[in-house]
>>> print(open('protein.txt').read())   # compact mmCIF, C-alpha atoms
# COMPACT_ATOMS: atom_id res chain seq x y z
CA MET A 1 95.65 102.79 -70.21
CA ASN A 2 98.92 104.12 -71.65
CA LEU A 3 99.28 102.27 -74.93
CA PRO A 4 102.38 102.60 -77.09
CA LYS A 5 102.23 105.33 -79.71
CA ASN A 6 100.74 103.82 -82.83
CA GLN A 7 101.09 104.90 -86.45
CA TYR A 8 97.54 103.83 -87.31
CA VAL A 9 95.24 104.57 -84.39
CA GLU A 10 94.23 107.60 -82.37
CA ASP A 11 91.37 107.22 -79.87
CA ARG A 12 90.37 103.94 -81.51
CA GLN A 13 90.01 105.55 -84.94
CA VAL A 14 92.30 104.77 -87.85
CA VAL A 15 94.28 107.81 -88.99
CA PHE A 16 96.76 107.29 -91.81
CA CYS A 17 99.86 109.47 -92.12
CA PRO A 18 99.58 112.41 -94.57
CA SER A 19 101.43 110.62 -97.37
CA LEU A 20 98.96 107.71 -97.16
CA ALA A 21 95.80 109.71 -96.48
CA ARG A 22 95.83 111.03 -100.06
CA LEU A 23 95.74 107.50 -101.55
CA GLU A 24 92.66 105.61 -102.69
CA VAL A 25 91.21 103.09 -100.23
CA SER A 26 92.30 100.23 -102.51
CA GLU A 27 95.91 101.38 -102.18
CA LEU A 28 95.67 101.30 -98.38
CA ILE A 29 94.83 97.58 -98.37
CA VAL A 30 97.66 95.08 -98.88
CA GLU A 31 97.04 91.38 -99.55
CA CYS A 32 99.91 89.04 -98.68
CA HIS A 33 100.89 87.11 -101.82
CA ASN A 34 101.74 84.04 -99.72
CA CYS A 35 98.90 83.64 -97.22
CA HIS A 36 96.42 86.13 -98.80
CA ARG A 37 95.77 87.87 -95.47
CA TYR A 38 94.87 91.56 -95.47
CA PHE A 39 97.13 94.23 -93.94
CA ALA A 40 97.05 98.02 -93.81
CA ALA A 41 99.44 100.10 -95.88
CA CYS A 42 102.37 101.30 -93.79
CA CYS A 43 103.98 104.72 -94.06
CA LEU A 44 107.02 103.70 -92.02
CA HIS A 45 107.87 100.71 -94.24
CA SER A 46 106.55 102.13 -97.56
CA SER A 47 104.14 99.21 -97.91
CA PHE A 48 101.16 99.87 -100.20
CA GLY A 49 98.40 97.97 -101.96
CA GLY A 50 96.22 98.48 -105.03
CA ASP A 51 98.04 99.56 -108.17
CA LEU A 52 101.15 100.23 -106.07
CA TYR A 53 101.37 96.65 -104.81
CA GLU A 54 104.65 94.87 -105.57
CA PRO A 55 104.37 91.07 -105.03
CA GLU A 56 108.13 90.59 -104.84
CA LYS A 57 108.49 93.22 -102.12
CA SER A 58 108.08 92.39 -98.43
CA HIS A 59 105.21 94.21 -96.78
CA CYS A 60 104.50 95.49 -93.29
CA GLU A 61 102.41 93.14 -91.15
CA HIS A 62 101.74 95.37 -88.15
CA GLY A 63 98.25 96.53 -89.18
CA LYS A 64 96.06 93.44 -89.48
CA LEU A 65 92.68 94.03 -91.13
CA VAL A 66 89.31 92.37 -90.60
CA PHE A 67 86.40 93.41 -92.80
CA THR A 68 83.02 93.08 -91.09
CA ASP A 69 79.36 93.65 -91.91
CA GLY A 70 75.93 92.70 -90.65
CA ALA A 71 72.65 92.20 -92.47
CA CYS A 72 69.05 91.69 -91.43
CA SER A 73 65.82 90.92 -93.24
CA ASN A 74 62.48 92.09 -91.76
CA ASN A 75 64.49 94.33 -89.45
CA GLY A 76 63.31 94.22 -85.83
CA SER A 77 60.23 92.08 -86.47
CA ALA A 78 59.42 88.64 -85.12
CA GLN A 79 60.29 87.23 -88.56
CA ALA A 80 63.66 88.97 -88.71
CA LYS A 81 66.75 87.00 -89.72
CA ALA A 82 70.25 88.38 -89.24
CA GLY A 83 73.68 87.39 -90.48
CA LEU A 84 77.33 88.33 -90.05
CA GLY A 85 80.04 88.62 -92.68
CA ILE A 86 83.73 88.53 -91.76
CA SER A 87 86.85 88.46 -93.93
CA ILE A 88 90.52 88.64 -92.95
CA GLY A 89 91.93 87.71 -96.36
CA GLY A 90 91.34 86.85 -99.99
CA GLU A 91 90.85 83.44 -101.53
CA GLY A 92 93.71 80.97 -101.42
CA GLY A 93 96.13 79.79 -98.79
CA LEU A 94 95.86 76.98 -96.27
CA HIS A 95 93.41 78.60 -93.86
CA ASP A 96 89.86 79.93 -93.94
CA HIS A 97 89.81 83.71 -94.28
CA SER A 98 86.08 84.39 -94.57
CA TRP A 99 83.00 83.47 -92.55
CA SER A 100 79.26 83.73 -93.12
CA ILE A 101 77.47 83.36 -89.77
CA SER A 102 73.73 83.17 -89.14
CA VAL A 103 72.59 84.88 -85.95
CA ASP A 104 70.67 82.60 -83.60
CA ASP A 105 70.37 82.46 -79.81
CA SER A 106 73.85 80.94 -79.54
CA VAL A 107 75.20 84.16 -81.08
CA ASP A 108 72.80 86.71 -79.56
CA PHE A 109 70.55 85.16 -76.90
CA GLU A 110 66.87 86.20 -76.93
CA ALA A 111 67.66 89.57 -78.48
CA PRO A 112 65.80 91.31 -81.31
CA ARG A 113 67.28 90.70 -84.73
CA THR A 114 68.22 94.07 -86.19
CA ASN A 115 70.73 95.39 -88.68
CA GLN A 116 72.52 97.48 -86.05
CA ARG A 117 72.92 94.54 -83.67
CA ALA A 118 74.22 92.45 -86.57
CA GLU A 119 76.81 95.12 -87.42
CA LEU A 120 78.01 95.23 -83.80
CA LEU A 121 78.08 91.43 -83.51
CA ALA A 122 80.12 91.27 -86.72
CA ALA A 123 82.69 93.67 -85.26
CA ILE A 124 82.94 91.61 -82.06
CA GLU A 125 83.21 88.28 -83.86
CA GLY A 126 85.55 89.77 -86.45
CA LEU A 127 88.02 90.80 -83.76
CA ASN A 128 87.69 87.35 -82.22
CA ARG A 129 88.47 85.60 -85.54
CA LEU A 130 91.39 87.94 -86.17
CA GLU A 131 92.79 87.27 -82.70
CA LEU A 132 92.50 83.50 -83.15
CA ALA A 133 94.21 83.69 -86.54
CA SER A 134 96.94 85.95 -85.18
CA GLN A 135 97.79 83.45 -82.44
CA HIS A 136 98.84 81.04 -85.22
CA ASP A 137 100.43 83.55 -87.56
CA VAL A 138 103.98 82.54 -86.71
CA SER A 139 103.29 79.09 -88.18
CA HIS A 140 102.99 80.56 -91.69
CA GLY A 141 105.60 83.26 -91.55
CA HIS A 142 103.84 86.18 -89.87
CA LYS A 143 104.61 87.80 -86.57
CA PRO A 144 102.35 86.91 -83.61
CA ALA A 145 100.14 89.67 -82.28
CA PHE A 146 102.22 89.95 -79.13
CA ASP A 147 105.82 89.07 -78.51
CA ARG A 148 107.61 90.27 -75.40
CA GLN A 149 110.84 90.48 -77.38
CA HIS A 150 109.41 93.14 -79.68
CA THR A 151 109.63 96.84 -78.99
CA LYS A 152 106.45 98.72 -78.14
CA GLU A 153 106.37 100.16 -81.64
CA ASP A 154 106.63 96.67 -83.15
CA ARG A 155 103.46 95.29 -81.62
CA ALA A 156 100.38 94.54 -83.67
CA THR A 157 97.42 96.67 -84.57
CA TYR A 158 94.02 95.13 -85.28
CA VAL A 159 91.86 97.22 -87.60
CA VAL A 160 88.11 96.63 -87.92
CA VAL A 161 87.12 97.74 -91.42
CA THR A 162 83.41 98.51 -91.85
CA ASP A 163 81.08 100.77 -93.79
CA SER A 164 78.92 101.21 -90.67
CA GLU A 165 78.92 104.74 -89.27
CA TYR A 166 76.89 103.35 -86.36
CA VAL A 167 79.66 100.99 -85.27
CA VAL A 168 82.56 103.40 -85.76
CA LYS A 169 80.99 106.48 -84.21
CA GLY A 170 79.29 104.37 -81.58
CA ILE A 171 82.44 102.85 -80.12
CA THR A 172 84.80 105.80 -80.69
CA GLU A 173 82.59 108.81 -79.91
CA TRP A 174 79.25 107.92 -78.34
CA PHE A 175 80.41 105.18 -75.96
CA PRO A 176 82.85 107.43 -74.03
CA SER A 177 80.11 110.07 -73.72
CA TRP A 178 77.60 107.54 -72.44
CA ARG A 179 80.09 106.38 -69.83
CA LYS A 180 80.57 109.94 -68.55
CA ARG A 181 76.78 110.37 -68.25
CA GLY A 182 76.30 107.16 -66.27
CA TRP A 183 75.32 105.16 -69.35
CA ARG A 184 72.75 107.62 -70.59
CA THR A 185 72.36 109.45 -73.88
CA SER A 186 72.24 113.24 -74.06
CA ASP A 187 68.45 113.07 -73.59
CA GLY A 188 68.76 110.83 -70.53
CA LYS A 189 67.78 107.53 -72.14
CA ARG A 190 69.59 104.20 -71.98
CA PRO A 191 71.55 103.77 -75.24
CA THR A 192 70.19 101.24 -77.70
CA ASN A 193 72.32 98.07 -77.91
CA LEU A 194 74.42 99.13 -74.93
CA ASP A 195 75.00 95.46 -74.07
CA LEU A 196 76.83 94.89 -77.36
CA PHE A 197 78.80 98.12 -77.16
CA MET A 198 79.94 96.99 -73.69
CA ARG A 199 80.92 93.57 -75.04
CA LEU A 200 82.90 95.21 -77.81
CA ASP A 201 84.61 97.60 -75.41
CA ASP A 202 85.45 94.76 -73.00
CA PHE A 203 87.07 92.76 -75.80
CA ILE A 204 89.05 95.76 -77.01
CA THR A 205 90.22 96.45 -73.46
CA THR A 206 91.37 92.84 -73.07
CA LEU A 207 93.40 93.11 -76.27
CA GLU A 208 94.82 96.45 -75.18
CA GLU A 209 95.97 94.87 -71.92
CA ASP A 210 98.04 92.53 -74.11
CA ARG A 211 99.44 95.64 -75.82
CA VAL A 212 97.49 95.07 -79.02
CA VAL A 213 96.11 98.34 -80.39
CA VAL A 214 92.59 98.24 -81.87
CA GLY A 215 91.26 100.77 -84.36
CA PHE A 216 88.14 101.24 -86.47
CA TRP A 217 88.24 102.28 -90.12
CA ARG A 218 85.07 103.32 -91.92
CA VAL A 219 85.25 102.77 -95.67
CA PRO A 220 82.73 103.29 -98.50
CA ARG A 221 80.40 100.31 -98.96
CA ALA A 222 82.04 99.46 -102.29
CA PHE A 223 85.22 98.49 -100.43
CA ASN A 224 83.37 96.24 -97.99
CA HIS A 225 81.61 94.14 -100.62
CA ALA A 226 83.05 90.80 -99.50
CA ALA A 227 81.82 91.10 -95.90
CA ASP A 228 78.50 92.50 -97.15
CA ALA A 229 77.96 89.50 -99.43
CA LEU A 230 78.88 87.07 -96.65
CA ALA A 231 76.40 88.71 -94.25
CA LYS A 232 73.59 88.58 -96.81
CA ARG A 233 74.38 84.94 -97.55
CA ALA A 234 74.05 84.14 -93.85
CA VAL A 235 70.60 85.77 -93.75
CA LYS A 236 69.41 83.55 -96.60
CA SER A 237 70.86 80.31 -95.22
>>> encode(input="protein.txt", output="structure tokens")
Amino acid sequence: MNLPKNQYVEDRQVVFCPSLARLEVSELIVECHNCHRYFAACCLHSSFGGDLYEPEKSHCEHGKLVFTDGACSNNGSAQAKAGLGISIGGEGGLHDHSWSISVDDSVDFEAPRTNQRAELLAAIEGLNRLELASQHDVSHGHKPAFDRQHTKEDRATYVVVTDSEYVVKGITEWFPSWRKRGWRTSDGKRPTNLDLFMRLDDFITTLEEDRVVVGFWRVPRAFNHAADALAKRAVKS
């Protein structure tokens, strides 16, 4: 699919422009002072977060962030319990921005409860929550994810922020290789959790067909603490 050129994403991986790439992660995350939603720093519009954040200055809303994480106790055993943590914004505002979701059969039917499955499920559900929120963005001052009146360059980017190398490398590097090999790994085996990787890819493809660009951004665990705490809370609930 020929997607519009995007300032954030190349091959489903987030790549910031050189002037942003040198900044700390905290400066690449912008929180809207009105609705408290999270957005990515923008090179084109000189929109930054962290110590550079200026509340009185308008910020770019093209790169919408969702922080995701999964957790699991007794990983892979019959007693395992898994949870998902999702956050699209800080505290405050009129809408819920964070979710702590326990994994049961309604979330992942008759599948083993593992940390890796929880991380993938969190990415899938995180994109879903971000899409649902974006459909209503215009009601509180933000641009909708897709507007036919916008130019190609003006259309939204959804960024999944995670500390999981498994999720980011899995969907951006391994998945295309598995596809080329007829859904086999380099040693000829069926990839673990292929069903969830396919679900994630299908959802991304659906969004891309609506001209929404999806990218994955791996950050150090310290910058994903909110989603991590939400996932652990779901395990204990």
>>> closest_residue(input="protein.txt", among="A:Asp108, A:Ala41, A:Ala78, A:Ile88", to="Glu27 (chain A)", atoms="all atoms listed in the file")
A:Ala41
>>> closest_residue(input="protein.txt", among="A:Gly83, A:Glu91, A:Phe175, A:Ser102", to="Asp228 (chain A)", atoms="all atoms listed in the file")
A:Gly83
>>> closest_residue(input="protein.txt", among="A:Leu200, A:Ser186, A:Pro191, A:Val235", to="Gly85 (chain A)", atoms="all atoms listed in the file")
A:Val235
>>> residues_around(input="protein.txt", residues="His225 (chain A)", least_positions_apart="4", cutoff="10 Å", atoms="only C-alpha atoms", output="list in words")
Phe67, Thr68, Asp69, Gly85, Thr162, Asp163, Pro220, Arg221, Ala229, Leu230 and Ala231 of chain A
>>> closest_residue(input="protein.txt", among="A:Val214, A:Val25, A:Ala80, A:Ala71", to="Asp201 (chain A)", atoms="all atoms listed in the file")
A:Val214
>>> atom_distance(input="protein.txt", atom1="CA of Leu121 (chain A)", atom2="CA of Thr185 (chain A)")
21.2 Å
>>> atom_distance(input="protein.txt", atom1="CA of Val159 (chain A)", atom2="CA of Gly63 (chain A)")
6.6 Å
>>> closest_residue(input="protein.txt", among="A:Thr192, A:Glu61, A:Asp187, A:Gly90", to="Thr114 (chain A)", atoms="only C-alpha atoms")
A:Thr192
>>> atom_distance(input="protein.txt", atom1="CA of Ala40 (chain A)", atom2="CA of Gln7 (chain A)")
10.9 Å
>>> closest_residue(input="protein.txt", among="A:Gln13, A:Cys72, A:Tyr8, A:Asp104", to="Glu173 (chain A)", atoms="only C-alpha atoms")
A:Gln13
>>> decode(input="protein.txt", residues="region 159-180 of chain A", atoms="N, CA and C atoms", output="mmCIF file, in the first residue's frame")
data_model
loop_
_atom_site.group_PDB
_atom_site.id
_atom_site.type_symbol
_atom_site.label_atom_id
_atom_site.label_comp_id
_atom_site.auth_asym_id
_atom_site.auth_seq_id
_atom_site.Cartn_x
_atom_site.Cartn_y
_atom_site.Cartn_z
ATOM 1 N N VAL A 159 0.868 6.120 17.215
ATOM 2 C CA VAL A 159 2.142 5.569 17.663
ATOM 3 C C VAL A 159 1.920 4.706 18.902
ATOM 4 N N VAL A 160 2.258 3.422 18.791
ATOM 5 C CA VAL A 160 2.223 2.508 19.930
ATOM 6 C C VAL A 160 3.562 2.618 20.653
ATOM 7 N N VAL A 161 3.513 3.082 21.895
ATOM 8 C CA VAL A 161 4.726 3.255 22.699
ATOM 9 C C VAL A 161 4.819 2.084 23.679
ATOM 10 N N THR A 162 5.922 1.360 23.645
ATOM 11 C CA THR A 162 6.084 0.174 24.484
ATOM 12 C C THR A 162 7.555 -0.027 24.812
ATOM 13 N N ASP A 163 7.817 -0.722 25.906
ATOM 14 C CA ASP A 163 9.199 -1.096 26.205
ATOM 15 C C ASP A 163 9.492 -2.521 25.745
ATOM 16 N N SER A 164 8.554 -3.134 25.026
ATOM 17 C CA SER A 164 8.681 -4.526 24.600
ATOM 18 C C SER A 164 9.418 -4.657 23.268
ATOM 19 N N GLU A 165 10.625 -5.183 23.316
ATOM 20 C CA GLU A 165 11.355 -5.485 22.085
ATOM 21 C C GLU A 165 10.612 -6.542 21.278
ATOM 22 N N TYR A 166 9.973 -7.477 21.980
ATOM 23 C CA TYR A 166 9.233 -8.558 21.322
ATOM 24 C C TYR A 166 8.138 -8.012 20.416
ATOM 25 N N VAL A 167 7.380 -7.055 20.903
ATOM 26 C CA VAL A 167 6.297 -6.481 20.105
ATOM 27 C C VAL A 167 6.845 -5.682 18.929
ATOM 28 N N VAL A 168 7.806 -4.806 19.193
ATOM 29 C CA VAL A 168 8.296 -3.907 18.147
ATOM 30 C C VAL A 168 9.042 -4.671 17.063
ATOM 31 N N LYS A 169 9.998 -5.496 17.452
ATOM 32 C CA LYS A 169 10.721 -6.270 16.439
ATOM 33 C C LYS A 169 9.811 -7.295 15.778
ATOM 34 N N GLY A 170 8.897 -7.853 16.576
ATOM 35 C CA GLY A 170 8.002 -8.866 16.033
ATOM 36 C C GLY A 170 7.166 -8.364 14.876
ATOM 37 N N ILE A 171 6.531 -7.200 15.042
ATOM 38 C CA ILE A 171 5.626 -6.709 14.002
ATOM 39 C C ILE A 171 6.363 -5.984 12.889
ATOM 40 N N THR A 172 7.529 -5.403 13.174
ATOM 41 C CA THR A 172 8.229 -4.615 12.149
ATOM 42 C C THR A 172 9.280 -5.412 11.388
ATOM 43 N N GLU A 173 9.891 -6.408 12.022
ATOM 44 C CA GLU A 173 10.970 -7.152 11.378
ATOM 45 C C GLU A 173 10.626 -8.619 11.143
ATOM 46 N N TRP A 174 10.205 -9.313 12.206
ATOM 47 C CA TRP A 174 9.988 -10.753 12.081
ATOM 48 C C TRP A 174 8.762 -11.088 11.250
ATOM 49 N N PHE A 175 7.662 -10.368 11.466
ATOM 50 C CA PHE A 175 6.413 -10.683 10.768
ATOM 51 C C PHE A 175 6.577 -10.665 9.249
ATOM 52 N N PRO A 176 7.196 -9.642 8.652
ATOM 53 C CA PRO A 176 7.397 -9.666 7.195
ATOM 54 C C PRO A 176 8.240 -10.858 6.734
ATOM 55 N N SER A 177 9.215 -11.263 7.549
ATOM 56 C CA SER A 177 10.050 -12.414 7.190
ATOM 57 C C SER A 177 9.255 -13.708 7.265
ATOM 58 N N TRP A 178 8.427 -13.837 8.297
ATOM 59 C CA TRP A 178 7.578 -15.028 8.390
ATOM 60 C C TRP A 178 6.655 -15.137 7.182
ATOM 61 N N ARG A 179 6.090 -14.027 6.780
ATOM 62 C CA ARG A 179 5.178 -14.026 5.634
ATOM 63 C C ARG A 179 5.888 -14.562 4.383
ATOM 64 N N LYS A 180 7.108 -14.093 4.158
ATOM 65 C CA LYS A 180 7.869 -14.517 2.976
ATOM 66 C C LYS A 180 8.189 -16.010 3.006
#
